[in-house]
$ cat entry.txt   # compact mmCIF, C-alpha atoms (C1' of nucleotides)
# COMPACT_ATOMS: atom_id res chain seq x y z
CA MET A 1 0.00 0.00 0.00
CA THR A 2 1.83 3.09 1.27
CA GLN A 3 0.18 6.01 -0.40
CA PRO A 4 2.10 9.21 -1.00
CA GLU A 5 -1.14 10.78 -2.26
CA THR A 6 0.45 14.16 -2.31
CA GLU A 7 2.14 15.50 -5.42
CA THR A 8 0.69 16.40 -8.79
CA GLN A 9 -3.02 16.52 -8.12
CA VAL A 10 -5.35 14.15 -9.92
CA PRO A 11 -6.23 15.43 -13.39
CA ALA A 12 -9.86 14.72 -12.69
CA LEU A 13 -11.15 14.82 -16.24
CA THR A 14 -9.75 11.43 -17.04
CA GLU A 15 -9.41 9.50 -13.87
CA ASN A 16 -12.65 9.32 -12.00
CA ARG A 17 -14.35 6.94 -14.32
CA PRO A 18 -15.27 3.29 -13.96
CA ALA A 19 -12.65 0.83 -15.09
CA ASP A 20 -15.09 -0.71 -17.58
CA THR A 21 -15.64 2.50 -19.48
CA ARG A 22 -11.93 2.90 -19.72
CA ALA A 23 -11.51 -0.66 -20.85
CA GLU A 24 -14.05 -0.08 -23.60
CA ALA A 25 -12.16 2.96 -24.79
CA PHE A 26 -8.98 0.93 -25.03
CA GLN A 27 -10.78 -1.89 -26.76
CA GLY A 28 -11.99 0.65 -29.28
CA VAL A 29 -8.45 1.85 -29.81
CA ARG A 30 -7.27 -1.71 -30.32
CA ALA A 31 -10.01 -2.31 -32.86
CA ALA A 32 -9.03 0.84 -34.72
CA ARG A 33 -5.43 -0.26 -34.70
CA ARG A 34 -6.38 -3.52 -36.33
CA SER A 35 -8.07 -1.82 -39.28
CA GLU A 36 -5.54 0.97 -39.57
CA LEU A 37 -3.16 -0.76 -41.94
CA ALA A 38 -5.92 -2.08 -44.16
CA GLU A 39 -7.33 1.42 -44.42
CA ASP A 40 -3.99 2.90 -45.37
CA TYR A 41 -3.40 0.31 -48.03
CA VAL A 42 -6.85 0.56 -49.53
CA GLU A 43 -6.68 4.33 -49.56
CA LEU A 44 -3.31 4.24 -51.26
CA ILE A 45 -4.42 1.64 -53.79
CA ALA A 46 -7.42 3.76 -54.75
CA GLU A 47 -5.18 6.75 -55.15
CA LEU A 48 -2.66 4.89 -57.30
CA ILE A 49 -5.42 3.60 -59.54
CA GLN A 50 -6.75 7.09 -59.87
CA ILE A 51 -3.53 8.84 -60.69
CA GLN A 52 -1.52 6.08 -62.33
CA GLY A 53 -4.23 3.93 -63.81
CA GLU A 54 -3.13 0.92 -61.81
CA ALA A 55 -1.85 -0.09 -58.40
CA ARG A 56 1.36 -2.08 -58.34
CA PRO A 57 3.08 -3.56 -55.32
CA VAL A 58 6.31 -1.74 -56.02
CA ASP A 59 4.57 1.64 -55.76
CA ILE A 60 2.79 0.64 -52.59
CA ALA A 61 6.09 -0.46 -51.09
CA SER A 62 7.84 2.79 -51.88
CA ARG A 63 5.01 4.94 -50.59
CA MET A 64 4.39 2.91 -47.47
CA GLY A 65 8.09 2.70 -46.76
CA VAL A 66 8.17 -1.08 -46.41
CA THR A 67 9.71 -3.91 -48.39
CA ALA A 68 8.06 -5.81 -51.20
CA PRO A 69 7.50 -9.03 -49.25
CA THR A 70 5.74 -7.09 -46.54
CA VAL A 71 3.44 -5.61 -49.14
CA ALA A 72 2.80 -9.05 -50.62
CA LYS A 73 1.79 -10.50 -47.29
CA THR A 74 -0.43 -7.58 -46.44
CA LEU A 75 -2.11 -7.75 -49.84
CA ASP A 76 -2.84 -11.41 -49.22
CA ARG A 77 -4.63 -10.46 -46.03
CA LEU A 78 -6.57 -7.73 -47.77
CA ALA A 79 -7.62 -10.21 -50.44
CA ARG A 80 -8.62 -12.72 -47.81
CA ASP A 81 -10.70 -10.00 -46.16
CA GLY A 82 -12.48 -9.17 -49.37
CA LEU A 83 -11.08 -5.69 -49.90
CA ILE A 84 -9.02 -6.37 -53.02
CA THR A 85 -8.62 -8.96 -55.75
CA ARG A 86 -5.33 -9.90 -57.25
CA ALA A 87 -3.69 -12.38 -59.58
CA LYS A 88 -0.06 -13.38 -59.55
CA TYR A 89 2.26 -10.84 -61.13
CA ARG A 90 -0.64 -8.57 -61.98
CA SER A 91 -1.74 -5.28 -60.55
CA ILE A 92 -4.28 -4.91 -57.77
CA PHE A 93 -7.98 -4.17 -57.93
CA LEU A 94 -10.35 -3.02 -55.25
CA THR A 95 -13.56 -4.88 -54.62
CA ASP A 96 -16.75 -2.90 -54.10
CA GLU A 97 -16.17 -3.17 -50.41
CA GLY A 98 -12.60 -1.99 -50.79
CA ARG A 99 -13.67 0.92 -52.92
CA ALA A 100 -16.27 1.93 -50.35
CA LEU A 101 -13.70 1.78 -47.57
CA ALA A 102 -11.22 3.78 -49.62
CA LYS A 103 -13.80 6.45 -50.25
CA GLU A 104 -14.66 6.70 -46.61
CA CYS A 105 -10.99 6.86 -45.63
CA ARG A 106 -10.18 9.51 -48.12
CA HIS A 107 -13.10 11.53 -46.89
CA ARG A 108 -11.90 11.29 -43.31
CA HIS A 109 -8.33 12.00 -44.30
CA GLU A 110 -9.33 15.10 -46.20
CA ILE A 111 -11.35 16.50 -43.34
CA VAL A 112 -8.68 15.84 -40.75
CA LEU A 113 -6.04 17.33 -43.00
CA ARG A 114 -8.03 20.45 -43.77
CA PHE A 115 -8.87 20.81 -40.14
CA LEU A 116 -5.23 20.75 -39.13
CA LEU A 117 -4.35 23.19 -41.87
CA GLY A 118 -7.21 25.42 -40.79
CA LEU A 119 -5.84 25.35 -37.28
CA GLY A 120 -2.63 26.81 -38.64
CA LEU A 121 -0.39 23.79 -38.99
CA ASP A 122 2.20 23.65 -41.75
CA PRO A 123 1.29 21.28 -44.60
CA GLU A 124 4.15 18.91 -43.94
CA THR A 125 3.28 18.29 -40.31
CA ALA A 126 -0.43 18.37 -41.06
CA GLU A 127 0.00 15.53 -43.49
CA ARG A 128 2.03 13.49 -41.05
CA ASP A 129 -0.36 14.00 -38.18
CA ALA A 130 -3.43 13.40 -40.32
CA GLU A 131 -1.99 10.06 -41.34
CA GLY A 132 -1.99 8.96 -37.75
CA ILE A 133 -5.04 10.73 -36.42
CA GLU A 134 -7.53 9.86 -39.13
CA HIS A 135 -7.98 6.31 -37.89
CA TYR A 136 -8.92 7.35 -34.38
CA VAL A 137 -11.46 10.05 -35.02
CA SER A 138 -15.07 9.24 -34.29
CA GLU A 139 -17.93 10.25 -36.53
CA ARG A 140 -18.98 13.00 -34.13
CA THR A 141 -15.50 14.43 -33.96
CA LEU A 142 -15.22 14.34 -37.71
CA GLU A 143 -18.40 16.38 -37.94
CA LEU A 144 -16.99 18.94 -35.56
CA PHE A 145 -13.78 19.08 -37.56
CA ALA A 146 -15.77 19.60 -40.74
CA ALA A 147 -17.83 22.35 -39.11
CA PHE A 148 -14.67 24.07 -37.95
CA VAL A 149 -13.18 23.94 -41.42
CA ALA A 150 -16.39 25.28 -42.92
CA ARG A 151 -16.53 28.32 -40.67
CA SER A 152 -12.85 29.16 -40.77
CA MET B 1 -3.50 -0.65 -67.38
CA THR B 2 -6.98 0.51 -68.42
CA GLN B 3 -7.53 3.78 -66.71
CA PRO B 4 -11.02 4.97 -65.82
CA GLU B 5 -9.45 8.28 -64.76
CA THR B 6 -12.81 9.94 -64.47
CA GLU B 7 -14.70 9.97 -61.19
CA THR B 8 -13.90 11.60 -57.87
CA GLN B 9 -11.19 14.14 -58.69
CA VAL B 10 -7.82 13.89 -57.06
CA PRO B 11 -7.85 15.47 -53.59
CA ALA B 12 -4.66 17.31 -54.43
CA LEU B 13 -3.72 18.19 -50.90
CA THR B 14 -2.50 14.71 -50.22
CA GLU B 15 -1.48 13.13 -53.42
CA ASN B 16 1.04 15.23 -55.30
CA ARG B 17 3.90 14.54 -53.00
CA PRO B 18 7.02 12.48 -53.43
CA ALA B 19 6.72 8.88 -52.39
CA ASP B 20 9.59 9.30 -49.93
CA THR B 21 7.86 11.99 -47.94
CA ARG B 22 4.83 9.79 -47.72
CA ALA B 23 6.92 6.84 -46.70
CA GLU B 24 8.44 8.89 -43.92
CA ALA B 25 5.01 9.82 -42.66
CA PHE B 26 4.03 6.18 -42.52
CA GLN B 27 7.27 5.27 -40.83
CA GLY B 28 6.46 7.89 -38.26
CA VAL B 29 3.04 6.38 -37.74
CA ARG B 30 4.54 2.93 -37.33
CA ALA B 31 6.99 4.27 -34.77
CA ALA B 32 4.15 5.90 -32.87
CA ARG B 33 2.21 2.67 -32.96
CA ARG B 34 5.13 0.85 -31.40
CA SER B 35 5.27 3.19 -28.42
CA GLU B 36 1.55 3.56 -28.08
CA LEU B 37 0.98 0.62 -25.79
CA ALA B 38 3.94 1.45 -23.59
CA GLU B 39 2.63 4.97 -23.21
CA ASP B 40 -0.82 3.80 -22.23
CA TYR B 41 0.55 1.40 -19.66
CA VAL B 42 2.95 3.86 -18.14
CA GLU B 43 0.29 6.54 -17.99
CA LEU B 44 -2.11 4.15 -16.31
CA ILE B 45 0.50 2.92 -13.86
CA ALA B 46 1.30 6.48 -12.82
CA GLU B 47 -2.36 7.16 -12.33
CA LEU B 48 -2.91 4.05 -10.25
CA ILE B 49 0.02 4.88 -8.05
CA GLN B 50 -1.35 8.34 -7.60
CA ILE B 51 -4.90 7.44 -6.74
CA GLN B 52 -4.47 4.00 -5.19
CA GLY B 53 -1.01 4.21 -3.77
CA GLU B 54 0.20 1.30 -5.88
CA ALA B 55 -0.14 -0.21 -9.31
CA ARG B 56 -1.17 -3.83 -9.43
CA PRO B 57 -1.50 -6.01 -12.52
CA VAL B 58 -5.10 -6.86 -11.76
CA ASP B 59 -6.10 -3.19 -11.93
CA ILE B 60 -4.19 -2.65 -15.10
CA ALA B 61 -5.89 -5.64 -16.65
CA SER B 62 -9.37 -4.45 -15.77
CA ARG B 63 -8.74 -0.92 -16.97
CA MET B 64 -6.98 -1.90 -20.16
CA GLY B 65 -9.59 -4.53 -20.89
CA VAL B 66 -7.10 -7.37 -21.34
CA THR B 67 -6.28 -10.55 -19.45
CA ALA B 68 -3.72 -10.90 -16.70
CA PRO B 69 -1.16 -12.84 -18.76
CA THR B 70 -1.26 -10.15 -21.40
CA VAL B 71 -0.49 -7.59 -18.75
CA ALA B 72 2.33 -9.73 -17.39
CA LYS B 73 4.00 -10.05 -20.76
CA THR B 74 3.62 -6.37 -21.52
CA LEU B 75 5.05 -5.45 -18.14
CA ASP B 76 8.05 -7.64 -18.88
CA ARG B 77 8.66 -5.66 -22.03
CA LEU B 78 8.29 -2.38 -20.18
CA ALA B 79 10.80 -3.58 -17.60
CA ARG B 80 13.15 -4.70 -20.33
CA ASP B 81 12.84 -1.23 -21.87
CA GLY B 82 13.65 0.47 -18.61
CA LEU B 83 10.29 2.10 -17.96
CA ILE B 84 9.29 0.13 -14.88
CA THR B 85 10.79 -2.12 -12.25
CA ARG B 86 9.03 -5.08 -10.79
CA ALA B 87 9.53 -8.05 -8.54
CA LYS B 88 7.54 -11.25 -8.61
CA TYR B 89 4.15 -11.00 -6.95
CA ARG B 90 4.74 -7.39 -6.03
CA SER B 91 3.32 -4.19 -7.37
CA ILE B 92 4.89 -2.12 -10.09
CA PHE B 93 7.12 0.91 -9.90
CA LEU B 94 8.06 3.43 -12.51
CA THR B 95 11.68 4.23 -13.22
CA ASP B 96 12.68 7.84 -13.64
CA GLU B 97 12.37 7.36 -17.35
CA GLY B 98 8.95 5.82 -16.93
CA ARG B 99 7.81 8.64 -14.71
CA ALA B 100 9.01 11.20 -17.23
CA LEU B 101 7.17 9.43 -20.03
CA ALA B 102 4.03 9.19 -17.93
CA LYS B 103 4.13 12.88 -17.19
CA GLU B 104 4.54 13.75 -20.83
CA CYS B 105 1.71 11.42 -21.82
CA ARG B 106 -0.65 12.78 -19.24
CA HIS B 107 0.14 16.27 -20.42
CA ARG B 108 -0.63 15.37 -24.00
CA HIS B 109 -3.73 13.47 -23.02
CA GLU B 110 -5.05 16.39 -21.04
CA ILE B 111 -4.53 18.85 -23.83
CA VAL B 112 -6.09 16.64 -26.46
CA LEU B 113 -9.02 15.91 -24.20
CA ARG B 114 -9.63 19.53 -23.33
CA PHE B 115 -9.29 20.46 -26.94
CA LEU B 116 -11.96 17.98 -27.99
CA LEU B 117 -14.23 19.13 -25.20
CA GLY B 118 -13.62 22.74 -26.20
CA LEU B 119 -14.61 21.85 -29.72
CA GLY B 120 -17.98 20.75 -28.37
CA LEU B 121 -17.58 16.99 -28.10
CA ASP B 122 -19.39 15.09 -25.37
CA PRO B 123 -17.09 13.87 -22.57
CA GLU B 124 -17.61 10.20 -23.31
CA THR B 125 -16.60 10.42 -26.95
CA ALA B 126 -13.90 12.96 -26.17
CA GLU B 127 -12.26 10.50 -23.80
CA ARG B 128 -12.42 7.67 -26.34
CA ASP B 129 -11.04 9.76 -29.17
CA ALA B 130 -8.35 11.31 -27.02
CA GLU B 131 -7.14 7.85 -26.08
CA GLY B 132 -6.47 7.11 -29.73
CA ILE B 133 -5.41 10.53 -30.97
CA GLU B 134 -2.93 11.48 -28.26
CA HIS B 135 -0.24 9.18 -29.59
CA TYR B 136 -0.27 10.67 -33.07
CA VAL B 137 -0.19 14.35 -32.32
CA SER B 138 3.03 16.21 -33.04
CA GLU B 139 4.47 18.82 -30.75
CA ARG B 140 3.38 21.60 -33.06
CA THR B 141 -0.16 20.35 -33.24
CA LEU B 142 -0.27 20.00 -29.50
CA GLU B 143 0.71 23.63 -29.19
CA LEU B 144 -2.07 24.63 -31.51
CA PHE B 145 -4.53 22.54 -29.53
CA ALA B 146 -3.38 24.19 -26.31
CA ALA B 147 -3.72 27.63 -27.86
CA PHE B 148 -7.21 26.82 -29.01
CA VAL B 149 -8.20 25.65 -25.56
CA ALA B 150 -6.71 28.76 -24.00
CA ARG B 151 -8.68 31.15 -26.16
CA SER B 152 -11.99 29.28 -26.12
C1' DA C 1 -3.07 -20.81 11.90
C1' DC C 2 -5.30 -22.54 8.26
C1' DC C 3 -7.72 -22.79 4.00
C1' DA C 4 -10.19 -20.77 0.25
C1' DA C 5 -10.25 -17.01 -2.81
C1' DA C 6 -7.79 -13.70 -5.26
C1' DA C 7 -3.85 -12.38 -7.65
C1' DG C 8 0.08 -13.45 -10.22
C1' DT C 9 2.97 -16.33 -13.19
C1' DT C 10 4.33 -19.65 -16.81
C1' DA C 11 3.72 -22.24 -20.89
C1' DG C 12 2.13 -22.51 -25.27
C1' DA C 13 -0.70 -21.08 -29.24
C1' DC C 14 -1.83 -17.82 -32.86
C1' DG C 15 -2.26 -13.88 -36.02
C1' DA C 16 -0.28 -9.46 -37.57
C1' DT C 17 3.50 -7.01 -39.28
C1' DG C 18 7.93 -6.48 -40.28
C1' DC C 19 12.55 -8.26 -42.25
C1' DT C 20 16.29 -10.84 -45.51
C1' DA C 21 17.65 -14.17 -48.88
C1' DA C 22 16.67 -16.63 -52.78
C1' DC C 23 14.06 -17.57 -56.72
C1' DA C 24 10.61 -16.64 -60.69
C1' DA C 25 8.26 -13.85 -63.95
C1' DT C 26 7.79 -9.86 -66.70
C1' DC C 27 9.36 -5.97 -69.25
C1' DT C 28 12.50 -3.33 -72.12
C1' DG C 29 15.99 -1.87 -75.13
C1' DT C 30 18.67 -3.05 -78.81
C1' DA D 1 14.16 -12.28 -79.59
C1' DC D 2 16.86 -12.35 -75.99
C1' DA D 3 19.68 -10.60 -72.01
C1' DG D 4 19.61 -7.77 -68.17
C1' DA D 5 16.93 -5.02 -65.17
C1' DT D 6 12.87 -4.65 -62.72
C1' DT D 7 9.20 -6.51 -60.35
C1' DG D 8 6.96 -10.05 -57.82
C1' DT D 9 6.83 -14.23 -54.98
C1' DT D 10 8.16 -17.70 -51.56
C1' DA D 11 10.40 -19.33 -47.56
C1' DG D 12 11.85 -18.56 -43.18
C1' DC D 13 12.61 -15.81 -39.21
C1' DA D 14 11.64 -12.36 -35.23
C1' DT D 15 8.81 -9.56 -32.34
C1' DC D 16 4.52 -7.93 -30.53
C1' DG D 17 0.23 -8.42 -28.45
C1' DT D 18 -3.39 -11.18 -27.58
C1' DC D 19 -5.52 -15.48 -25.72
C1' DT D 20 -6.48 -20.08 -22.61
C1' DA D 21 -5.03 -23.50 -19.43
C1' DA D 22 -2.57 -24.77 -15.64
C1' DC D 23 0.12 -23.72 -11.80
C1' DT D 24 2.00 -20.90 -7.66
C1' DT D 25 1.93 -17.32 -4.36
C1' DT D 26 -0.25 -14.16 -1.45
C1' DT D 27 -4.04 -12.52 1.21
C1' DG D 28 -7.92 -12.44 4.26
C1' DG D 29 -11.58 -14.38 7.12
C1' DT D 30 -12.71 -17.28 10.82
$ encode --input "entry.txt" --output "structure tokens"
Amino acid sequence: MTQPETETQVPALTENRPADTRAEAFQGVRAARRSELAEDYVELIAELIQIQGEARPVDIASRMGVTAPTVAKTLDRLARDGLITRAKYRSIFLTDEGRALAKECRHRHEIVLRFLLGLGLDPETAERDAEGIEHYVSERTLELFAAFVARS
Amino acid sequence: MTQPETETQVPALTENRPADTRAEAFQGVRAARRSELAEDYVELIAELIQIQGEARPVDIASRMGVTAPTVAKTLDRLARDGLITRAKYRSIFLTDEGRALAKECRHRHEIVLRFLLGLGLDPETAERDAEGIEHYVSERTLELFAAFVARS
DNA sequence: ACCAAAAGTTAGACGATGCTAACAATCTGT
DNA sequence: ACAGATTGTTAGCATCGTCTAACTTTTGGT
């Protein structure tokens, strides 16, 4: 036991909540983390198809900053999960589901990015931060971000 | 090949950037992801010590929403990484490094949370989103968040 | 002081995400 | 049309983070 109980003062906003609520929040974060990579890939694939006409593993690898085998394995998982279709040595296609996810992700990404820019962040940092934040923003928050962008 | 090239219009903000810059952003996200769990644990441990006098695995498990063995293994990694010290069947202590990290995390968490609340988000959702977002917010962005909170 | 309950640990499995090394297929320039 | 470069795949490995099952230690009530 032995409680010091003195120092920094309890932040209050966060701490006085039931353990279960907290646990749910963390479970939500873990769920988001699981879909994060899939979202990034699908978003990038959609983009490559749009601007290059096709999505090839080599381009995904260079933009994601990972090696080709890593891309291959991830693409296999995406295919297994019904987000893309692929054939050996050929370029990648999104399924309807994948396309829908890509659209949603791009939408979120755009809003988060514009929001950060609207807040006064430099484009470089805004892009970096958006890449991480976009997966953890709830629908409500996204709406607030959008509203902020609209009125700024 | 075969390019549709028609539909949604390229978002522009995101896409016309060198692949390397993008790769760096993703590498940053992956780095953040790696430290995310450690940060959450250390933050929670600090909090438990503060409000309960000690941090025990069972409390961590219930608040993180994971099982005891998961906590045990994670704590081993934290100890290996010099963030905590522990002895068998005893409660957990933060090292100086761990305490510093916890302080920094709490600070970030507080700012992000207040920012979201200031934006008009309900406390429940704000807490959930903050839990995910806090790990992906750069120093610059944090400053902007703090400024926003201050003037709102 | 003992025994049951609670807490903690260990072992072992599994999937995700990354890597390197080695091999196979495709593309390209002459 | 073929050789070399590029791209893609496969195999194999490591680490992380999660779990369940089984075991051990500590704690608390009578």
$ interface_residues --input "entry.txt" --of "chain C" --to "chain A" --cutoff "10 Å" --atoms "all atoms listed in the file" --output "list of chain:residue names"
C:DA16, C:DT17, C:DG18, C:DC19, C:DT20, C:DA25, C:DT26
$ atom_distance --input "entry.txt" --atom1 "atom CA of Ala150 of chain B" --atom2 "atom CA of Tyr41 of chain B"
28.6 Å
$ calpha_fit_and_write --input "entry.txt" --fixed "chain B" --moving "chain A" --output "compact mmCIF listing (two decimals) with C-alpha atoms, in the coordinates of the input"
# COMPACT_ATOMS: atom_id res chain seq x y z
CA MET A 1 -2.70 -0.03 -67.64
CA THR A 2 -6.15 1.06 -68.81
CA GLN A 3 -6.85 4.29 -67.06
CA PRO A 4 -10.41 5.36 -66.36
CA GLU A 5 -9.04 8.67 -65.05
CA THR A 6 -12.48 10.11 -64.90
CA GLU A 7 -14.57 9.90 -61.76
CA THR A 8 -14.03 11.46 -58.36
CA GLN A 9 -11.38 14.06 -59.02
CA VAL A 10 -8.02 13.82 -57.29
CA PRO A 11 -8.16 15.29 -53.79
CA ALA A 12 -5.01 17.21 -54.51
CA LEU A 13 -4.05 18.07 -50.96
CA THR A 14 -2.80 14.60 -50.26
CA GLU A 15 -1.82 13.01 -53.48
CA ASN A 16 0.67 15.09 -55.36
CA ARG A 17 3.57 14.42 -53.11
CA PRO A 18 6.70 12.34 -53.58
CA ALA A 19 6.42 8.73 -52.52
CA ASP A 20 9.32 9.17 -50.08
CA THR A 21 7.61 11.88 -48.08
CA ARG A 22 4.59 9.68 -47.83
CA ALA A 23 6.69 6.73 -46.81
CA GLU A 24 8.24 8.81 -44.04
CA ALA A 25 4.82 9.77 -42.76
CA PHE A 26 3.83 6.12 -42.59
CA GLN A 27 7.09 5.20 -40.94
CA GLY A 28 6.34 7.84 -38.34
CA VAL A 29 2.92 6.34 -37.78
CA ARG A 30 4.44 2.90 -37.38
CA ALA A 31 6.92 4.24 -34.86
CA ALA A 32 4.12 5.87 -32.90
CA ARG A 33 2.19 2.64 -32.96
CA ARG A 34 5.11 0.83 -31.42
CA SER A 35 5.28 3.15 -28.42
CA GLU A 36 1.54 3.52 -28.05
CA LEU A 37 0.99 0.59 -25.74
CA ALA A 38 3.96 1.41 -23.56
CA GLU A 39 2.66 4.94 -23.19
CA ASP A 40 -0.79 3.78 -22.20
CA TYR A 41 0.57 1.40 -19.62
CA VAL A 42 2.99 3.87 -18.11
CA GLU A 43 0.33 6.55 -17.97
CA LEU A 44 -2.07 4.18 -16.27
CA ILE A 45 0.55 2.94 -13.82
CA ALA A 46 1.37 6.51 -12.79
CA GLU A 47 -2.29 7.21 -12.31
CA LEU A 48 -2.87 4.09 -10.21
CA ILE A 49 0.09 4.94 -8.01
CA GLN A 50 -1.26 8.41 -7.58
CA ILE A 51 -4.81 7.53 -6.71
CA GLN A 52 -4.41 4.10 -5.15
CA GLY A 53 -0.93 4.29 -3.73
CA GLU A 54 0.23 1.37 -5.82
CA ALA A 55 -0.11 -0.17 -9.26
CA ARG A 56 -1.16 -3.79 -9.38
CA PRO A 57 -1.50 -5.98 -12.45
CA VAL A 58 -5.10 -6.81 -11.69
CA ASP A 59 -6.08 -3.13 -11.85
CA ILE A 60 -4.15 -2.61 -15.05
CA ALA A 61 -5.89 -5.60 -16.58
CA SER A 62 -9.36 -4.39 -15.70
CA ARG A 63 -8.72 -0.86 -16.92
CA MET A 64 -6.96 -1.88 -20.10
CA GLY A 65 -9.58 -4.51 -20.82
CA VAL A 66 -7.11 -7.35 -21.28
CA THR A 67 -6.32 -10.53 -19.39
CA ALA A 68 -3.76 -10.89 -16.63
CA PRO A 69 -1.23 -12.86 -18.68
CA THR A 70 -1.28 -10.18 -21.33
CA VAL A 71 -0.51 -7.60 -18.69
CA ALA A 72 2.30 -9.75 -17.31
CA LYS A 73 3.95 -10.07 -20.68
CA THR A 74 3.62 -6.40 -21.44
CA LEU A 75 5.05 -5.48 -18.05
CA ASP A 76 8.03 -7.69 -18.78
CA ARG A 77 8.66 -5.71 -21.94
CA LEU A 78 8.30 -2.42 -20.12
CA ALA A 79 10.80 -3.62 -17.52
CA ARG A 80 13.17 -4.75 -20.22
CA ASP A 81 12.86 -1.30 -21.79
CA GLY A 82 13.68 0.44 -18.56
CA LEU A 83 10.32 2.07 -17.92
CA ILE A 84 9.31 0.11 -14.83
CA THR A 85 10.81 -2.14 -12.18
CA ARG A 86 9.03 -5.08 -10.71
CA ALA A 87 9.52 -8.07 -8.45
CA LYS A 88 7.50 -11.24 -8.51
CA TYR A 89 4.11 -10.95 -6.86
CA ARG A 90 4.75 -7.34 -5.94
CA SER A 91 3.33 -4.13 -7.27
CA ILE A 92 4.91 -2.09 -10.04
CA PHE A 93 7.16 0.93 -9.85
CA LEU A 94 8.10 3.44 -12.50
CA THR A 95 11.71 4.23 -13.18
CA ASP A 96 12.74 7.85 -13.64
CA GLU A 97 12.42 7.34 -17.34
CA GLY A 98 8.99 5.81 -16.92
CA ARG A 99 7.87 8.64 -14.71
CA ALA A 100 9.07 11.19 -17.24
CA LEU A 101 7.21 9.41 -20.03
CA ALA A 102 4.07 9.19 -17.92
CA LYS A 103 4.20 12.88 -17.21
CA GLU A 104 4.60 13.73 -20.84
CA CYS A 105 1.75 11.40 -21.82
CA ARG A 106 -0.57 12.77 -19.25
CA HIS A 107 0.21 16.25 -20.42
CA ARG A 108 -0.59 15.35 -24.00
CA HIS A 109 -3.69 13.46 -22.99
CA GLU A 110 -4.99 16.39 -21.00
CA ILE A 111 -4.49 18.84 -23.82
CA VAL A 112 -6.08 16.62 -26.43
CA LEU A 113 -8.99 15.90 -24.13
CA ARG A 114 -9.59 19.53 -23.27
CA PHE A 115 -9.28 20.44 -26.89
CA LEU A 116 -11.96 17.98 -27.90
CA LEU A 117 -14.19 19.14 -25.09
CA GLY A 118 -13.59 22.73 -26.10
CA LEU A 119 -14.63 21.84 -29.61
CA GLY A 120 -17.96 20.74 -28.21
CA LEU A 121 -17.59 16.99 -27.95
CA ASP A 122 -19.36 15.09 -25.20
CA PRO A 123 -17.04 13.88 -22.42
CA GLU A 124 -17.59 10.22 -23.15
CA THR A 125 -16.60 10.42 -26.80
CA ALA A 126 -13.89 12.95 -26.04
CA GLU A 127 -12.25 10.51 -23.70
CA ARG A 128 -12.44 7.69 -26.20
CA ASP A 129 -11.06 9.73 -29.05
CA ALA A 130 -8.34 11.30 -26.93
CA GLU A 131 -7.15 7.83 -26.01
CA GLY A 132 -6.48 7.10 -29.63
CA ILE A 133 -5.44 10.49 -30.91
CA GLU A 134 -2.95 11.45 -28.23
CA HIS A 135 -0.26 9.15 -29.57
CA TYR A 136 -0.33 10.63 -33.05
CA VAL A 137 -0.25 14.32 -32.33
CA SER A 138 2.96 16.16 -33.08
CA GLU A 139 4.45 18.78 -30.81
CA ARG A 140 3.33 21.57 -33.13
CA THR A 141 -0.21 20.30 -33.25
CA LEU A 142 -0.28 19.96 -29.51
CA GLU A 143 0.71 23.60 -29.22
CA LEU A 144 -2.10 24.61 -31.52
CA PHE A 145 -4.53 22.51 -29.52
CA ALA A 146 -3.34 24.16 -26.32
CA ALA A 147 -3.69 27.62 -27.87
CA PHE A 148 -7.21 26.80 -28.98
CA VAL A 149 -8.16 25.63 -25.51
CA ALA A 150 -6.65 28.74 -23.97
CA ARG A 151 -8.63 31.14 -26.13
CA SER A 152 -11.92 29.29 -26.01
$ residues_near_point --input "entry.txt" --point "(5.2, 0.2, -36.2)" --cutoff "12 Å" --atoms "all atoms listed in the file" --output "PyMOL selection string"
(chain A and resi 33+36-37+64-66+132) or (chain B and resi 25-37) or (chain C and resi 16-18) or (chain D and resi 15-16)
$ write_last_selection --input "entry.txt" --atoms "C-alpha atoms (C1' of nucleotides)" --output "mmCIF file, in the frame of the given file"
data_model
loop_
_atom_site.group_PDB
_atom_site.id
_atom_site.type_symbol
_atom_site.label_atom_id
_atom_site.label_comp_id
_atom_site.auth_asym_id
_atom_site.auth_seq_id
_atom_site.Cartn_x
_atom_site.Cartn_y
_atom_site.Cartn_z
ATOM 1 C CA ARG A 33 -5.430 -0.260 -34.700
ATOM 2 C CA GLU A 36 -5.540 0.970 -39.570
ATOM 3 C CA LEU A 37 -3.160 -0.760 -41.940
ATOM 4 C CA MET A 64 4.390 2.910 -47.470
ATOM 5 C CA GLY A 65 8.090 2.700 -46.760
ATOM 6 C CA VAL A 66 8.170 -1.080 -46.410
ATOM 7 C CA GLY A 132 -1.990 8.960 -37.750
ATOM 8 C CA ALA B 25 5.010 9.820 -42.660
ATOM 9 C CA PHE B 26 4.030 6.180 -42.520
ATOM 10 C CA GLN B 27 7.270 5.270 -40.830
ATOM 11 C CA GLY B 28 6.460 7.890 -38.260
ATOM 12 C CA VAL B 29 3.040 6.380 -37.740
ATOM 13 C CA ARG B 30 4.540 2.930 -37.330
ATOM 14 C CA ALA B 31 6.990 4.270 -34.770
ATOM 15 C CA ALA B 32 4.150 5.900 -32.870
ATOM 16 C CA ARG B 33 2.210 2.670 -32.960
ATOM 17 C CA ARG B 34 5.130 0.850 -31.400
ATOM 18 C CA SER B 35 5.270 3.190 -28.420
ATOM 19 C CA GLU B 36 1.550 3.560 -28.080
ATOM 20 C CA LEU B 37 0.980 0.620 -25.790
ATOM 21 C "C1'" DA C 16 -0.280 -9.460 -37.570
ATOM 22 C "C1'" DT C 17 3.500 -7.010 -39.280
ATOM 23 C "C1'" DG C 18 7.930 -6.480 -40.280
ATOM 24 C "C1'" DT D 15 8.810 -9.560 -32.340
ATOM 25 C "C1'" DC D 16 4.520 -7.930 -30.530
#
